[in-house]
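Undergrad: Just so it is clear, I am handing over model.json, which has JSON, C-alpha atoms.
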[["chain", "number", "residue", "atom", "x", "y", "z"],
["A", 121, "MET", "CA", 89.40, 90.86, 83.04],
["A", 122, "ASN", "CA", 91.43, 92.39, 80.20],
["A", 123, "ASN", "CA", 92.75, 94.97, 82.64],
["A", 124, "ILE", "CA", 94.19, 92.21, 84.85],
["A", 125, "PHE", "CA", 95.91, 90.53, 81.90],
["A", 126, "PHE", "CA", 97.26, 93.89, 80.76],
["A", 127, "LEU", "CA", 98.62, 94.57, 84.26],
["A", 128, "VAL", "CA", 100.24, 91.12, 84.46],
["A", 129, "ARG", "CA", 101.83, 91.53, 81.02],
["A", 130, "LYS", "CA", 103.08, 94.98, 82.00],
["A", 131, "ILE", "CA", 104.63, 93.64, 85.23],
["A", 132, "LEU", "CA", 106.23, 90.68, 83.43],
["A", 133, "SER", "CA", 107.79, 93.04, 80.92],
["A", 134, "LEU", "CA", 109.54, 95.03, 83.67],
["A", 135, "PRO", "CA", 113.23, 94.43, 84.42],
["A", 136, "ARG", "CA", 113.95, 91.68, 86.94],
["A", 137, "GLY", "CA", 114.86, 94.10, 89.77],
["A", 138, "GLN", "CA", 111.57, 95.96, 89.48],
["A", 139, "ARG", "CA", 109.61, 92.69, 89.43],
["A", 140, "LYS", "CA", 111.42, 91.65, 92.61],
["A", 141, "ILE", "CA", 110.48, 94.93, 94.33],
["A", 142, "ILE", "CA", 106.84, 94.40, 93.34],
["A", 143, "LEU", "CA", 106.99, 90.87, 94.77],
["A", 144, "LEU", "CA", 108.51, 92.17, 98.01],
["A", 145, "VAL", "CA", 105.72, 94.73, 98.43],
["A", 146, "LEU", "CA", 103.04, 92.15, 97.62],
["A", 147, "ASP", "CA", 104.56, 89.66, 100.06],
["A", 148, "ALA", "CA", 104.68, 92.30, 102.80],
["A", 149, "LEU", "CA", 100.97, 92.97, 102.22],
["A", 150, "LEU", "CA", 100.16, 89.24, 102.18],
["A", 151, "ILE", "CA", 102.08, 88.73, 105.42],
["A", 152, "LEU", "CA", 100.05, 91.52, 107.06],
["A", 153, "ILE", "CA", 96.74, 90.22, 105.72],
["A", 154, "SER", "CA", 97.59, 86.70, 106.89],
["A", 155, "LEU", "CA", 98.68, 88.00, 110.28],
["A", 156, "PHE", "CA", 95.57, 90.11, 110.87],
["A", 157, "SER", "CA", 93.29, 87.32, 109.64],
["A", 158, "SER", "CA", 94.86, 84.72, 111.91],
["A", 159, "LEU", "CA", 94.90, 86.99, 114.96],
["A", 160, "ARG", "CA", 91.30, 88.04, 114.32],
["A", 161, "LEU", "CA", 90.07, 84.46, 114.10],
["A", 162, "ALA", "CA", 92.18, 83.15, 116.98],
["A", 163, "SER", "CA", 91.80, 85.92, 119.54],
["A", 164, "ASP", "CA", 90.02, 89.00, 120.68],
["A", 165, "HIS", "CA", 89.78, 92.11, 118.45],
["A", 166, "ASP", "CA", 91.26, 94.24, 121.26],
["A", 167, "PHE", "CA", 94.31, 91.98, 121.25],
["A", 168, "ILE", "CA", 95.12, 92.98, 117.68],
["A", 169, "LEU", "CA", 94.82, 96.69, 118.44],
["A", 170, "ALA", "CA", 96.91, 96.37, 121.60],
["A", 171, "ASN", "CA", 99.95, 95.02, 119.74],
["A", 172, "THR", "CA", 102.55, 97.49, 118.67],
["A", 173, "ASN", "CA", 103.58, 98.22, 115.11],
["A", 174, "PHE", "CA", 107.05, 97.02, 116.09],
["A", 175, "ASN", "CA", 105.75, 93.44, 116.32],
["A", 176, "TYR", "CA", 104.26, 93.68, 112.85],
["A", 177, "LEU", "CA", 107.46, 95.19, 111.49],
["A", 178, "ILE", "CA", 109.51, 92.30, 112.95],
["A", 179, "ILE", "CA", 107.23, 89.76, 111.30],
["A", 180, "ILE", "CA", 107.35, 91.48, 107.89],
["A", 181, "CYS", "CA", 111.13, 91.91, 107.97],
["A", 182, "VAL", "CA", 111.76, 88.32, 109.04],
["A", 183, "GLY", "CA", 109.34, 87.10, 106.39],
["A", 184, "LEU", "CA", 111.00, 89.02, 103.57],
["A", 185, "ILE", "CA", 114.46, 87.94, 104.70],
["A", 186, "VAL", "CA", 113.41, 84.29, 104.90],
["A", 187, "TYR", "CA", 111.78, 84.48, 101.47],
["A", 188, "SER", "CA", 114.92, 86.05, 99.99],
["A", 189, "PHE", "CA", 117.32, 83.54, 101.54],
["A", 190, "THR", "CA", 115.23, 80.53, 100.55],
["A", 191, "GLY", "CA", 115.28, 81.64, 96.93],
["A", 192, "GLN", "CA", 111.55, 82.10, 96.65],
["A", 193, "TYR", "CA", 111.81, 85.21, 94.49],
["A", 194, "ARG", "CA", 114.30, 83.62, 92.11],
["A", 195, "SER", "CA", 111.96, 80.75, 91.29],
["A", 196, "LEU", "CA", 108.82, 82.89, 91.10],
["A", 197, "ILE", "CA", 110.38, 85.39, 88.74],
["A", 198, "PHE", "CA", 111.25, 82.72, 86.17],
["A", 199, "TYR", "CA", 108.71, 79.92, 86.55],
["A", 200, "PHE", "CA", 106.37, 78.25, 88.99],
["A", 201, "GLY", "CA", 106.46, 74.49, 89.51],
["A", 202, "ILE", "CA", 106.16, 71.87, 92.23],
["A", 203, "SER", "CA", 109.59, 72.78, 93.59],
["A", 204, "SER", "CA", 108.31, 76.35, 94.03],
["A", 205, "LEU", "CA", 105.40, 75.01, 96.06],
["A", 206, "TYR", "CA", 107.78, 73.16, 98.38],
["A", 207, "SER", "CA", 109.93, 76.25, 98.64],
["A", 208, "ILE", "CA", 106.93, 78.35, 99.70],
["A", 209, "ILE", "CA", 105.88, 75.84, 102.35],
["A", 210, "ILE", "CA", 109.41, 75.54, 103.74],
["A", 211, "SER", "CA", 109.82, 79.33, 103.71],
["A", 212, "ASN", "CA", 106.56, 79.78, 105.61],
["A", 213, "ILE", "CA", 107.53, 77.13, 108.19],
["A", 214, "LEU", "CA", 110.87, 78.91, 108.70],
["A", 215, "LEU", "CA", 109.11, 82.27, 108.98],
["A", 216, "VAL", "CA", 106.72, 81.03, 111.66],
["A", 217, "LEU", "CA", 109.49, 79.27, 113.61],
["A", 218, "ILE", "CA", 111.91, 82.21, 113.51],
["A", 219, "VAL", "CA", 109.25, 84.76, 114.48],
["A", 220, "SER", "CA", 108.03, 82.51, 117.31],
["A", 221, "LEU", "CA", 111.59, 82.10, 118.60],
["A", 222, "ILE", "CA", 112.29, 85.84, 118.41],
["A", 223, "PHE", "CA", 109.11, 86.68, 120.30],
["A", 224, "LYS", "CA", 109.79, 83.96, 122.87],
["A", 225, "PHE", "CA", 113.35, 85.28, 123.34],
["A", 226, "LEU", "CA", 112.08, 88.86, 123.72],
["A", 227, "ASN", "CA", 109.31, 87.61, 126.03],
["A", 228, "ILE", "CA", 106.58, 89.08, 123.80],
["A", 229, "LEU", "CA", 103.22, 87.38, 124.05],
["A", 230, "PHE", "CA", 101.83, 87.67, 120.56],
["A", 231, "PHE", "CA", 100.76, 84.32, 119.13],
["A", 232, "THR", "CA", 98.61, 81.58, 120.51],
["A", 233, "LYS", "CA", 99.05, 78.05, 119.17],
["A", 234, "THR", "CA", 95.89, 78.47, 117.12],
["A", 235, "SER", "CA", 96.98, 81.79, 115.66],
["A", 236, "ILE", "CA", 100.36, 80.33, 114.67],
["A", 237, "LEU", "CA", 98.66, 77.54, 112.74],
["A", 238, "LEU", "CA", 96.20, 79.96, 111.15],
["A", 239, "PHE", "CA", 99.00, 82.38, 110.24],
["A", 240, "PHE", "CA", 100.95, 79.63, 108.48],
["A", 241, "SER", "CA", 97.81, 78.40, 106.69],
["A", 242, "PHE", "CA", 96.67, 81.85, 105.52],
["A", 243, "LEU", "CA", 100.17, 82.82, 104.48],
["A", 244, "THR", "CA", 100.62, 79.68, 102.40],
["A", 245, "ILE", "CA", 97.20, 79.97, 100.78],
["A", 246, "PHE", "CA", 97.53, 83.71, 100.03],
["A", 247, "VAL", "CA", 101.01, 83.34, 98.55],
["A", 248, "LEU", "CA", 99.83, 80.51, 96.31],
["A", 249, "LEU", "CA", 96.96, 82.58, 94.99]]
Give the structure from the file, written as structure tokens.

TA:
Amino acid sequence: MNNIFFLVRKILSLPRGQRKIILLVLDALLILISLFSSLRLASDHDFILANTNFNYLIIICVGLIVYSFTGQYRSLIFYFGISSLYSIIISNILLVLIVSLIFKFLNILFFTKTSILLFFSFLTIFVLL
């Protein structure tokens, strides 16, 4: 447990730019974990393996862009309050809507309705943890 507190203190003592990079990497990982979890629960295992890395890259890039433009990193670097919670939920709704629209426009069958709901739920829960 002391190791975790030491790591958190070490990260918090880093310059703001380095903390933001760490948050970007962590969010990219959380997006992937949320995506794989939702697809695994909502569909067949072969479906996950059949999707290309390009689809995953689109989702991660859109997610990080949405998080940056909605100011999520600004609020998380300084403090965490109820407004940050709303920001996370709105950011995740935008992420799911934008990715769904991009895939619909490109005619890529990737999400089912269930997997979209699961993806949003996992993403929100994982980011809040």

Undergrad: Grab the atom CA of A:Val247 to atom CA of A:Lys224 distance for me, in Å with one decimal place.

TA: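 Computing it gives 25.9 Å between the two atoms.
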
Undergrad: Would you work out the distance separating atom CA of A:Ile245 from atom CA of A:Ser157, expressed in Å to one decimal?

TA: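 Pair atom CA of A:Ile245 / atom CA of A:Ser157 returns 12.2 Å.
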
Undergrad: If you take all atoms listed in the file and a cut-off of 8 Å, which residues of stretch 132-173 of chain A touch stretch 177-183 of chain A, and what are their nearest atom pairs and distances in Å to one decimal, in chain and number order, as CSV?

TA:
residue,atom,partner,partner_atom,distance
A:Ala148,CA,A:Ile180,CA,5.8
A:Ile151,CA,A:Ile180,CA,6.4
A:Leu152,CA,A:Ile180,CA,7.3
A:Asn173,CA,A:Leu177,CA,6.1

Undergrad: Which residue out of A:Ile210, A:Thr190, A:Leu155, A:Phe231 has the minimum interatomic distance to A:Phe246 when all atoms listed in the file are used?

TA: A:Leu155

Undergrad: Using all atoms listed in the file, which of the listed residues (A:Leu127, A:Lys140, A:Leu237, A:Thr172) sits closest to A:Gly191?

TA: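 Distance minimum relative to A:Gly191 lands on A:Lys140.
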
Undergrad: Tell me, in Å to one decimal, how far atom CA of A:Ile208 is from atom CA of A:Ser163.

TA: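 Separation of atom CA of A:Ile208 and atom CA of A:Ser163: 26.1 Å.
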
Undergrad: What's around A:Lys233 at 12 Å? Count all atoms listed in the file, leave out sequence neighbours fewer than 6 positions away in its own chain, and write the answer as a PyMOL selection string.

TA: chain A and resi 158-159+162-163+216-217+220+239-240

Undergrad: Which is closer to A:Leu215 than all the others in A:Leu248, A:Leu149, A:Ile185, A:Leu134, using only C-alpha atoms?

TA: A:Ile185

Undergrad: Return the single residue from A:Asn175, A:Thr244, A:Tyr187, A:Leu205 that is closest to A:Leu229, with distances computed using only C-alpha atoms.

TA: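 Comparing A:Asn175, A:Thr244, A:Tyr187, A:Leu205 against A:Leu229, the winner is A:Asn175.
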